[in-house]
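Engineer: Input structure: query-v5.cif, which contains mmCIF, C-alpha atoms.
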data_structure
#
loop_
_atom_site.label_atom_id
_atom_site.label_comp_id
_atom_site.auth_asym_id
_atom_site.auth_seq_id
_atom_site.Cartn_x
_atom_site.Cartn_y
_atom_site.Cartn_z
CA MET A 1 14.16 2.35 2.31
CA PHE A 2 16.32 5.42 2.92
CA HIS A 3 18.47 4.34 5.89
CA ALA A 4 20.13 1.36 7.57
CA TRP A 5 17.56 1.10 10.37
CA PRO A 6 14.40 -0.15 8.63
CA SER A 7 11.11 -0.56 10.44
CA GLU A 8 8.58 -3.29 9.83
CA ASN A 9 6.79 -0.97 7.38
CA ASP A 10 9.79 -0.37 5.11
CA TRP A 11 10.15 -2.01 1.71
CA TYR A 12 13.27 -4.14 2.12
CA ASP A 13 13.56 -4.84 -1.63
CA THR A 14 13.72 -1.18 -2.67
CA ILE A 15 16.80 0.27 -1.02
CA LYS A 16 17.31 3.79 -2.35
CA LEU A 17 20.52 4.49 -4.21
CA ASN A 18 22.49 7.69 -3.72
CA TYR A 19 22.71 9.46 -7.06
CA GLU A 20 24.98 12.14 -5.65
CA HIS A 21 27.83 9.79 -6.51
CA ARG A 22 28.82 9.52 -10.16
CA SER A 23 29.75 5.87 -9.63
CA THR A 24 26.07 5.14 -8.97
CA TRP A 25 25.24 6.53 -12.41
CA ALA A 26 27.83 4.27 -14.03
CA LYS A 27 26.63 1.19 -12.18
CA MET A 28 22.98 1.81 -13.06
CA LEU A 29 23.86 2.38 -16.70
CA ALA A 30 25.68 -0.96 -16.65
CA VAL A 31 22.54 -2.66 -15.30
CA LEU A 32 20.44 -1.17 -18.10
CA GLN A 33 23.01 -2.13 -20.72
CA PHE A 34 23.00 -5.72 -19.42
CA TRP A 35 19.27 -6.07 -20.01
CA VAL A 36 19.41 -4.35 -23.38
CA ARG A 37 21.98 -6.93 -24.48
CA LYS A 38 19.53 -9.61 -23.36
CA GLY A 39 16.99 -8.21 -25.80
CA VAL A 40 14.82 -6.10 -23.50
CA ASP A 41 13.44 -3.25 -25.60
CA GLY A 42 11.60 -1.21 -23.00
CA PHE A 43 11.77 -0.17 -19.34
CA ARG A 44 9.13 1.02 -16.92
CA CYS A 45 10.98 3.16 -14.38
CA ASP A 46 9.55 3.13 -10.86
CA MET A 47 9.08 6.36 -8.91
CA VAL A 48 11.25 8.45 -11.22
CA GLU A 49 10.92 11.51 -9.00
CA LEU A 50 13.32 9.81 -6.58
CA VAL A 51 15.99 9.79 -9.29
CA PRO A 52 17.55 12.94 -10.83
CA SER A 53 16.16 13.67 -14.29
CA ASP A 54 19.73 14.44 -15.39
CA PHE A 55 20.66 10.81 -14.82
CA PHE A 56 17.90 9.60 -17.13
CA ALA A 57 18.87 12.11 -19.84
CA TRP A 58 22.50 10.94 -19.67
CA ALA A 59 21.69 7.21 -19.54
CA PHE A 60 19.10 7.33 -22.31
CA GLY A 61 21.60 9.07 -24.57
CA GLN A 62 24.11 6.29 -23.98
CA LEU A 63 21.58 3.52 -24.52
CA ARG A 64 19.85 4.97 -27.57
CA ALA A 65 23.17 5.45 -29.29
CA VAL A 66 23.16 1.65 -29.54
CA ARG A 67 19.39 0.95 -29.58
CA PRO A 68 17.42 3.96 -30.89
CA ASP A 69 14.14 2.02 -30.60
CA LEU A 70 14.26 1.64 -26.80
CA ILE A 71 11.12 2.76 -24.97
CA PHE A 72 11.16 4.27 -21.48
CA ILE A 73 8.02 4.75 -19.37
CA ALA A 74 8.03 6.96 -16.28
CA GLU A 75 5.96 6.33 -13.18
CA VAL A 76 5.60 9.99 -12.21
CA TYR A 77 3.06 11.42 -9.79
CA GLY A 78 3.76 15.15 -9.52
CA LYS A 79 1.96 16.78 -12.44
CA ASP A 80 4.33 19.75 -12.35
CA ASN A 81 7.19 17.30 -12.98
CA TYR A 82 5.72 15.88 -16.20
CA TRP A 83 7.66 18.23 -18.46
CA LYS A 84 10.94 17.69 -16.63
CA TYR A 85 10.88 13.95 -17.17
CA ALA A 86 9.50 14.23 -20.69
CA ASN A 87 12.43 16.50 -21.54
CA ALA A 88 14.78 13.96 -19.96
CA GLY A 89 13.80 11.56 -22.73
CA PHE A 90 10.94 9.45 -21.43
CA ASP A 91 8.64 8.29 -24.22
CA LEU A 92 5.58 7.93 -21.99
CA LEU A 93 4.56 9.21 -18.56
CA TYR A 94 1.92 7.76 -16.25
CA ASP A 95 -1.05 10.13 -16.11
CA LYS A 96 -2.01 8.85 -12.69
CA SER A 97 -2.50 12.19 -10.97
CA GLY A 98 -4.48 13.57 -13.89
CA PHE A 99 -6.77 11.41 -16.01
CA TYR A 100 -6.68 8.34 -13.75
CA ASP A 101 -7.51 10.14 -10.51
CA THR A 102 -10.20 12.20 -12.24
CA LEU A 103 -11.86 9.21 -13.90
CA ARG A 104 -11.79 7.32 -10.62
CA GLY A 105 -13.48 10.24 -8.89
CA ILE A 106 -16.14 10.45 -11.62
CA VAL A 107 -16.88 6.72 -11.49
CA ARG A 108 -17.28 6.90 -7.72
CA GLY A 109 -19.53 9.96 -7.93
CA GLU A 110 -17.00 12.18 -6.20
CA ARG A 111 -16.20 14.47 -9.15
CA PRO A 112 -18.16 15.80 -12.14
CA ALA A 113 -17.48 14.39 -15.60
CA SER A 114 -16.68 17.92 -16.75
CA ALA A 115 -13.54 17.85 -14.55
CA LEU A 116 -11.79 15.91 -17.32
CA THR A 117 -11.56 19.07 -19.40
CA GLN A 118 -9.11 20.80 -17.09
CA GLU A 119 -6.91 17.70 -17.06
CA TRP A 120 -6.22 17.62 -20.80
CA GLN A 121 -5.95 21.40 -20.87
CA PHE A 122 -3.24 21.20 -18.21
CA LEU A 123 -1.26 18.77 -20.37
CA GLY A 124 -1.45 20.80 -23.57
CA ASP A 125 0.85 19.40 -26.26
CA LEU A 126 2.15 16.80 -23.81
CA GLN A 127 -1.01 14.72 -24.26
CA PRO A 128 0.46 12.25 -26.81
CA ARG A 129 3.28 11.48 -24.36
CA MET A 130 0.95 10.37 -21.57
CA LEU A 131 0.10 6.78 -20.67
CA ASN A 132 -3.58 6.37 -19.82
CA PHE A 133 -4.69 3.46 -17.66
CA LEU A 134 -7.38 2.33 -15.25
CA GLU A 135 -5.44 -0.41 -13.48
CA ASN A 136 -1.90 -1.23 -12.50
CA HIS A 137 -0.22 -3.17 -9.69
CA ASP A 138 -0.46 -0.23 -7.27
CA GLU A 139 -4.12 0.59 -7.85
CA GLN A 140 -7.37 -1.15 -7.03
CA ARG A 141 -9.01 -3.16 -9.76
CA LEU A 142 -11.62 -1.28 -11.80
CA ALA A 143 -14.24 -3.97 -11.11
CA SER A 144 -13.44 -4.17 -7.39
CA ASP A 145 -15.79 -3.01 -4.65
CA PHE A 146 -13.34 -0.18 -3.97
CA PHE A 147 -13.63 1.32 -7.48
CA ALA A 148 -16.50 0.77 -9.93
CA GLY A 149 -17.95 -2.35 -8.30
CA SER A 150 -18.14 -4.29 -11.57
CA ALA A 151 -16.55 -4.32 -15.01
CA LYS A 152 -19.80 -3.05 -16.52
CA ALA A 153 -19.87 -0.04 -14.19
CA GLY A 154 -16.35 0.85 -15.37
CA MET A 155 -17.07 0.70 -19.10
CA ALA A 156 -17.66 4.45 -19.57
CA ALA A 157 -14.32 5.19 -17.92
CA PHE A 158 -12.65 2.61 -20.17
CA ALA A 159 -14.12 4.27 -23.27
CA VAL A 160 -12.90 7.73 -22.23
CA SER A 161 -9.42 6.56 -21.21
CA LEU A 162 -9.03 4.61 -24.46
CA LEU A 163 -10.78 6.82 -27.02
CA PHE A 164 -10.42 10.42 -25.84
CA ASN A 165 -7.11 11.15 -27.57
CA THR A 166 -4.06 9.48 -29.12
CA SER A 167 -2.35 8.86 -25.78
CA SER A 168 -1.14 5.29 -25.30
CA PHE A 169 -3.32 3.04 -23.17
CA MET A 170 -2.08 0.40 -20.74
CA LEU A 171 -4.24 -2.68 -20.19
CA TYR A 172 -3.38 -4.52 -16.97
CA PHE A 173 -3.59 -8.31 -17.06
CA GLY A 174 -7.02 -9.59 -16.11
CA GLN A 175 -8.75 -6.24 -16.61
CA GLU A 176 -10.11 -7.50 -19.93
CA TYR A 177 -12.01 -10.22 -18.06
CA GLY A 178 -13.32 -7.95 -15.32
CA GLU A 179 -10.93 -9.28 -12.66
CA ARG A 180 -12.11 -7.94 -9.29
CA GLY A 181 -9.09 -8.55 -7.05
CA MET A 182 -11.33 -9.27 -4.09
CA GLU A 183 -9.47 -12.29 -2.71
CA SER A 184 -7.64 -12.30 0.62
CA GLU A 185 -4.02 -12.68 -0.45
CA GLY A 186 -1.77 -13.02 2.55
CA PHE A 187 -0.26 -9.76 3.74
CA SER A 188 -2.39 -7.48 1.57
CA GLY A 189 -5.78 -8.93 2.54
CA VAL A 190 -8.97 -8.00 0.68
CA ASP A 191 -8.01 -4.64 -0.77
CA GLY A 192 -9.23 -4.78 -4.37
CA ARG A 193 -5.73 -5.35 -5.70
CA THR A 194 -4.01 -8.36 -7.20
CA SER A 195 -1.05 -8.96 -4.91
CA ILE A 196 2.45 -8.98 -6.37
CA PHE A 197 3.96 -9.94 -3.01
CA ASP A 198 2.11 -13.16 -2.14
CA TYR A 199 1.95 -16.56 -3.82
CA CYS A 200 -1.57 -16.46 -5.17
CA THR A 201 -3.68 -16.96 -8.26
CA VAL A 202 -5.72 -14.53 -10.34
CA PRO A 203 -9.12 -16.23 -10.68
CA SER A 204 -10.26 -14.76 -14.01
CA VAL A 205 -6.87 -15.26 -15.66
CA ARG A 206 -6.73 -18.85 -14.39
CA ARG A 207 -10.17 -19.50 -15.91
CA ALA A 208 -9.16 -17.83 -19.18
CA LEU A 209 -6.05 -19.99 -19.50
CA ALA A 210 -8.16 -23.09 -18.87
CA GLY A 211 -10.82 -21.97 -21.36
CA HIS A 212 -13.50 -21.71 -18.68
CA LEU A 213 -14.44 -18.04 -18.45
CA THR A 214 -17.79 -17.30 -16.84
CA VAL A 215 -20.56 -15.88 -19.01
CA GLU A 216 -20.01 -12.43 -17.50
CA GLU A 217 -16.25 -12.59 -18.06
CA SER A 218 -16.79 -13.62 -21.69
CA VAL A 219 -19.08 -10.66 -22.27
CA VAL A 220 -16.56 -8.26 -20.74
CA TYR A 221 -13.72 -9.77 -22.79
CA LYS A 222 -15.65 -9.42 -26.06
CA GLU A 223 -16.48 -5.78 -25.29
CA TYR A 224 -12.85 -4.99 -24.46
CA CYS A 225 -11.73 -6.63 -27.70
CA ARG A 226 -14.33 -4.64 -29.65
CA LEU A 227 -13.27 -1.31 -28.17
CA LEU A 228 -9.58 -2.08 -28.59
CA ARG A 229 -10.16 -2.92 -32.27
CA ILE A 230 -11.93 0.43 -32.69
CA ALA A 231 -9.09 2.29 -30.96
CA THR A 232 -6.38 0.69 -33.08
CA GLY A 233 -8.20 -0.01 -36.34
CA ASP A 234 -10.20 3.17 -36.95
CA ALA A 235 -7.95 6.04 -38.07
CA ILE A 236 -10.30 8.57 -36.43
CA PHE A 237 -9.26 7.16 -33.06
CA SER A 238 -5.73 5.96 -33.76
CA LYS A 239 -4.61 9.12 -35.58
CA GLY A 240 -7.31 11.76 -35.23
CA LYS A 241 -7.43 15.02 -33.30
CA THR A 242 -9.72 15.63 -30.31
CA PHE A 243 -12.29 18.36 -29.69
CA ASP A 244 -13.85 18.63 -26.24
CA LEU A 245 -17.58 19.45 -26.49
CA MET A 246 -18.20 20.15 -22.82
CA TYR A 247 -17.90 23.95 -23.05
CA ALA A 248 -20.81 23.97 -25.53
CA ASN A 249 -22.99 21.73 -23.35
CA PRO A 250 -23.68 23.21 -19.91
CA ALA A 251 -26.20 21.67 -17.54
CA SER A 252 -29.70 21.52 -18.98
CA GLY A 253 -32.71 19.29 -19.09
CA HIS A 254 -31.04 17.46 -21.97
CA PHE A 255 -27.48 17.09 -20.70
CA ASP A 256 -25.85 16.57 -17.29
CA PRO A 257 -22.14 17.54 -17.27
CA ASP A 258 -21.80 15.89 -13.87
CA ARG A 259 -22.53 12.44 -15.28
CA GLN A 260 -21.98 12.74 -19.06
CA PHE A 261 -18.83 13.60 -20.99
CA ALA A 262 -18.95 14.51 -24.68
CA TRP A 263 -16.16 14.94 -27.20
CA MET A 264 -15.31 14.57 -30.89
CA ARG A 265 -12.56 12.88 -32.83
CA GLY A 266 -11.73 13.81 -36.42
CA TYR A 267 -9.38 12.68 -39.16
CA ALA A 268 -9.09 13.07 -42.94
CA GLY A 269 -12.51 14.62 -43.49
CA SER A 270 -14.39 12.35 -41.08
CA ALA A 271 -15.62 13.10 -37.58
CA MET A 272 -17.18 11.17 -34.73
CA ALA A 273 -19.09 12.52 -31.73
CA ILE A 274 -18.95 10.44 -28.55
CA VAL A 275 -20.82 10.57 -25.25
CA ALA A 276 -19.82 8.58 -22.16
CA ASN A 277 -22.53 8.14 -19.56
CA PHE A 278 -21.32 7.68 -15.97
CA ALA A 279 -24.84 7.56 -14.55
CA ASP A 280 -26.29 4.31 -13.24
CA HIS A 281 -29.29 4.63 -15.56
CA PRO A 282 -29.72 5.04 -19.35
CA VAL A 283 -30.03 8.59 -20.66
CA ASP A 284 -31.27 10.46 -23.70
CA VAL A 285 -29.12 13.53 -24.24
CA ASP A 286 -28.91 16.28 -26.85
CA VAL A 287 -25.35 17.37 -27.57
CA VAL A 288 -24.52 20.68 -29.25
CA VAL A 289 -21.77 20.33 -31.86
CA PRO A 290 -20.53 23.88 -32.59
CA ASP A 291 -19.39 24.99 -36.02
CA GLU A 292 -15.88 25.60 -34.70
CA ALA A 293 -15.54 21.87 -34.04
CA PHE A 294 -15.86 21.17 -37.75
CA ALA A 295 -13.51 24.04 -38.58
CA TYR A 296 -10.97 22.54 -36.17
CA PHE A 297 -11.05 19.31 -38.16
CA GLY A 298 -10.82 21.20 -41.47
CA MET A 299 -14.36 20.26 -42.42
CA PRO A 300 -17.12 22.48 -43.85
CA SER A 301 -19.54 23.93 -41.34
CA PRO A 302 -22.98 22.30 -41.33
CA ALA A 303 -24.39 25.78 -41.85
CA ASN A 304 -22.91 25.65 -45.34
CA SER A 305 -24.54 22.31 -46.10
CA VAL A 306 -28.03 21.69 -47.35
CA ILE A 307 -29.71 18.64 -45.89
CA PRO A 308 -32.55 17.58 -48.19
CA GLY A 309 -35.22 16.57 -45.72
CA PRO A 310 -35.00 14.30 -42.67
CA SER A 311 -31.72 12.47 -42.34
CA SER A 312 -29.86 10.52 -39.73
CA SER A 313 -26.48 8.87 -39.39
CA VAL A 314 -26.32 5.99 -36.96
CA ILE A 315 -23.46 3.78 -35.83
CA PRO A 316 -24.59 0.14 -36.18
CA GLY A 317 -25.76 -1.16 -32.85
CA SER A 318 -26.40 2.27 -31.34
CA SER A 319 -29.56 4.28 -30.83
CA SER A 320 -28.19 7.67 -31.80
CA SER A 321 -29.26 9.98 -34.59
CA VAL A 322 -28.49 13.37 -36.03
CA ILE A 323 -31.39 15.80 -35.82
CA PRO A 324 -31.50 17.53 -39.25
CA GLY A 325 -32.85 20.87 -40.43
CA SER A 326 -32.67 23.86 -38.13
CA THR A 327 -31.16 21.73 -35.37
CA ARG A 328 -28.51 20.17 -37.58
CA ASN A 329 -25.85 20.98 -34.95
CA LEU A 330 -27.75 19.13 -32.26
CA VAL A 331 -27.02 15.43 -31.95
CA HIS A 332 -29.31 13.12 -30.00
CA PHE A 333 -27.81 10.19 -28.11
CA HIS A 334 -29.34 7.31 -26.22
CA VAL A 335 -26.65 5.92 -23.93
CA ALA A 336 -26.97 2.93 -21.63
CA ALA A 337 -25.94 3.12 -17.99
CA HIS A 338 -22.15 3.16 -17.46
CA ASP A 339 -21.64 3.02 -21.22
CA TYR A 340 -20.74 5.11 -24.24
CA THR A 341 -22.16 5.75 -27.71
CA ARG A 342 -20.47 7.17 -30.78
CA ILE A 343 -22.02 8.63 -33.91
CA ASP A 344 -20.61 9.63 -37.28
CA VAL A 345 -21.20 13.37 -37.76
CA SER A 346 -19.18 13.71 -40.96
CA HIS A 347 -22.20 14.51 -43.11
CA LEU A 348 -24.46 16.72 -41.01
#
What do you get writing this file as structure tokens?
Structural biologist:
Amino acid sequence: MFHAWPSENDWYDTIKLNYEHRSTWAKMLAVLQFWVRKGVDGFRCDMVELVPSDFFAWAFGQLRAVRPDLIFIAEVYGKDNYWKYANAGFDLLYDKSGFYDTLRGIVRGERPASALTQEWQFLGDLQPRMLNFLENHDEQRLASDFFAGSAKAGMAAFAVSLLFNTSSFMLYFGQEYGERGMESEGFSGVDGRTSIFDYCTVPSVRRALAGHLTVEESVVYKEYCRLLRIATGDAIFSKGKTFDLMYANPASGHFDPDRQFAWMRGYAGSAMAIVANFADHPVDVDVVVPDEAFAYFGMPSPANSVIPGPSSSVIPGSSSSVIPGSTRNLVHFHVAAHDYTRIDVSHL
């Protein structure tokens, strides 16, 4: 709300402060200091583009002089403003207008999977400072009818958002159960969101707390736990570099860049190739892994390796294999609908 004459559509609980006055800066710093003294160790700052970046730089300096470990997360929408708020001292920035919007468009069939490439290229060395997510209080639930339609249909997007690079990932409560947000909740109605304005319950979370998840919710939860363990427990994903394979895999009879996205992760002499399939049917795809990908990870080129006869390297539970011999740089994947598969390519 920007003025003293609000309409029925204004947000009465978010009166905008005037940062042209230095006293506003002092008062807001005092509010932050109050919560820091209470033990709060991190702040998510709403709509930071409505607040001067100079204020944040000044306030963070004051606060971190006392608590260097404080974390500040910026809800920022203008991609051209990312660097300004990163330089102001924010640890993480919402990548809503980049990765989130692009993944949403891919899931809904409105954008090609290959569009993800330009998003990380735009970010450059800012990638580790971004906060990836697929749900938050402002956005429609991944499993809602307004987004993927089900938790299963959103699994490829989850894999990309979580495993593409070392950016932090935000998991919104209930997402791990496939919460759909399709209840009519007072003012908001059926909009695919979990209301934060109405007194209501979150069905999947209520069932989880009572120990009564549905079979489908239990399956989704186990898969989320499995992927999260991979992301945090495997150094290739928690620490490794990323190599986008899309430039080496144009449209062909063996790969569809509109519905498949391929990339590699590498760390300490090991490398993994991953394909996410956004199609609503299983696919068999052949992915070219160029020599420069191995060079990027500081690994020997497969051309310098001798593979004695047929060989394959398969991740347990997958149906993927490395095609040896003259096609040693071609990796074959079988990927289920709305899913992903990874394969160890360290020893091609």
Engineer: Would you mind reading off the distance between CA of Asp95 (chain A) and CA of Ala74 (chain A), one decimal, in Å?
Structural biologist: 9.6 Å
Engineer: From the list A:Asp344, A:Ser218, A:Thr232, A:Phe237, which residue is nearest Ala271 (chain A) when using all atoms listed in the file?
Structural biologist: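 Once distances to Ala271 (chain A) are computed over all atoms listed in the file, the minimum belongs to A:Asp344.
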Engineer: Under the rule that all atoms listed in the file are counted, which of A:Asp54, A:Asp191, A:Asp91, A:Glu223 is the nearest residue to Ile71 (chain A)?
Structural biologist: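 Counting all atoms listed in the file, the residue closest to Ile71 (chain A) is A:Asp91.
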Engineer: Hey, what's within 7 Å of Arg44 (chain A) if we count only C-alpha atoms and toss same-chain stuff fewer than 2 positions away? As a PDB file with C-alpha atoms, in the coordinates of the input, please?
Structural biologist:
ATOM      1  CA  GLY A  42      11.600  -1.210 -23.000  1.00  0.00           C
ATOM      2  CA  ASP A  46       9.550   3.130 -10.860  1.00  0.00           C
ATOM      3  CA  PHE A  72      11.160   4.270 -21.480  1.00  0.00           C
ATOM      4  CA  ILE A  73       8.020   4.750 -19.370  1.00  0.00           C
ATOM      5  CA  ALA A  74       8.030   6.960 -16.280  1.00  0.00           C
TER       6      ALA A  74
END
Engineer: Find the residues near region 33-38 of chain A: any atom within 10 Å, counting all atoms listed in the file, skip ones fewer than 5 places away on the same chain, and give them as a list in words.
Structural biologist: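 Answer for this query is Lys27, Met28, Phe43, Ala59, Gln62, Leu63, Val66, Arg67 and Leu70 of chain A.
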Engineer: Taking the file as I've supplied it (selection: the PyMOL selection byres ((chain A and resi 19-21) around 9)), which residues are included? Please answer as a PyMOL selection string.
Structural biologist: chain A and resi 17-18+22-25+51-52+55
Engineer: CA of Ala156 (chain A) and CA of Thr201 (chain A), how far apart in Å?
Structural biologist: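 Value for the CA of Thr201 (chain A)-CA of Ala156 (chain A) distance: 28.0 Å.
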Engineer: If you count only C-alpha atoms, which residues fall within 7 Å of region 284-294 of chain A, apart from same-chain ones fewer than 6 positions away, as a ChimeraX atom specification?
Structural biologist: /A:243,245,248-249,254-255,300-302,329-335
Engineer: Missing atoms in region 112-125 of chain A: fill them in up to N, CA and C atoms and send the result as a JSON list (two decimals), keeping the file's coordinate frame.
Structural biologist:
[["chain", "number", "residue", "atom", "x", "y", "z"],
["A", 112, "PRO", "N", -17.33, 15.70, -10.95],
["A", 112, "PRO", "CA", -18.16, 15.80, -12.14],
["A", 112, "PRO", "C", -17.40, 15.34, -13.37],
["A", 113, "ALA", "N", -18.12, 14.83, -14.35],
["A", 113, "ALA", "CA", -17.48, 14.39, -15.60],
["A", 113, "ALA", "C", -16.76, 15.54, -16.28],
["A", 114, "SER", "N", -17.28, 16.75, -16.11],
["A", 114, "SER", "CA", -16.68, 17.92, -16.75],
["A", 114, "SER", "C", -15.28, 18.22, -16.23],
["A", 115, "ALA", "N", -14.88, 17.61, -15.11],
["A", 115, "ALA", "CA", -13.54, 17.85, -14.55],
["A", 115, "ALA", "C", -12.45, 17.32, -15.47],
["A", 116, "LEU", "N", -12.79, 16.43, -16.40],
["A", 116, "LEU", "CA", -11.79, 15.91, -17.32],
["A", 116, "LEU", "C", -11.21, 17.00, -18.21],
["A", 117, "THR", "N", -12.01, 18.01, -18.50],
["A", 117, "THR", "CA", -11.56, 19.07, -19.40],
["A", 117, "THR", "C", -10.29, 19.74, -18.89],
["A", 118, "GLN", "N", -10.27, 20.09, -17.62],
["A", 118, "GLN", "CA", -9.11, 20.80, -17.09],
["A", 118, "GLN", "C", -7.86, 19.91, -17.08],
["A", 119, "GLU", "N", -8.06, 18.59, -17.08],
["A", 119, "GLU", "CA", -6.91, 17.70, -17.06],
["A", 119, "GLU", "C", -6.18, 17.70, -18.40],
["A", 120, "TRP", "N", -6.92, 17.59, -19.51],
["A", 120, "TRP", "CA", -6.22, 17.62, -20.80],
["A", 120, "TRP", "C", -5.71, 19.03, -21.12],
["A", 121, "GLN", "N", -6.42, 20.05, -20.64],
["A", 121, "GLN", "CA", -5.95, 21.40, -20.87],
["A", 121, "GLN", "C", -4.63, 21.64, -20.13],
["A", 122, "PHE", "N", -4.49, 21.09, -18.96],
["A", 122, "PHE", "CA", -3.24, 21.20, -18.21],
["A", 122, "PHE", "C", -2.08, 20.60, -18.98],
["A", 123, "LEU", "N", -2.32, 19.47, -19.65],
["A", 123, "LEU", "CA", -1.26, 18.77, -20.37],
["A", 123, "LEU", "C", -0.84, 19.47, -21.64],
["A", 124, "GLY", "N", -1.78, 20.12, -22.32],
["A", 124, "GLY", "CA", -1.45, 20.80, -23.57],
["A", 124, "GLY", "C", -0.85, 19.84, -24.59],
["A", 125, "ASP", "N", 0.26, 20.23, -25.21],
["A", 125, "ASP", "CA", 0.85, 19.40, -26.26],
["A", 125, "ASP", "C", 1.60, 18.19, -25.71]]
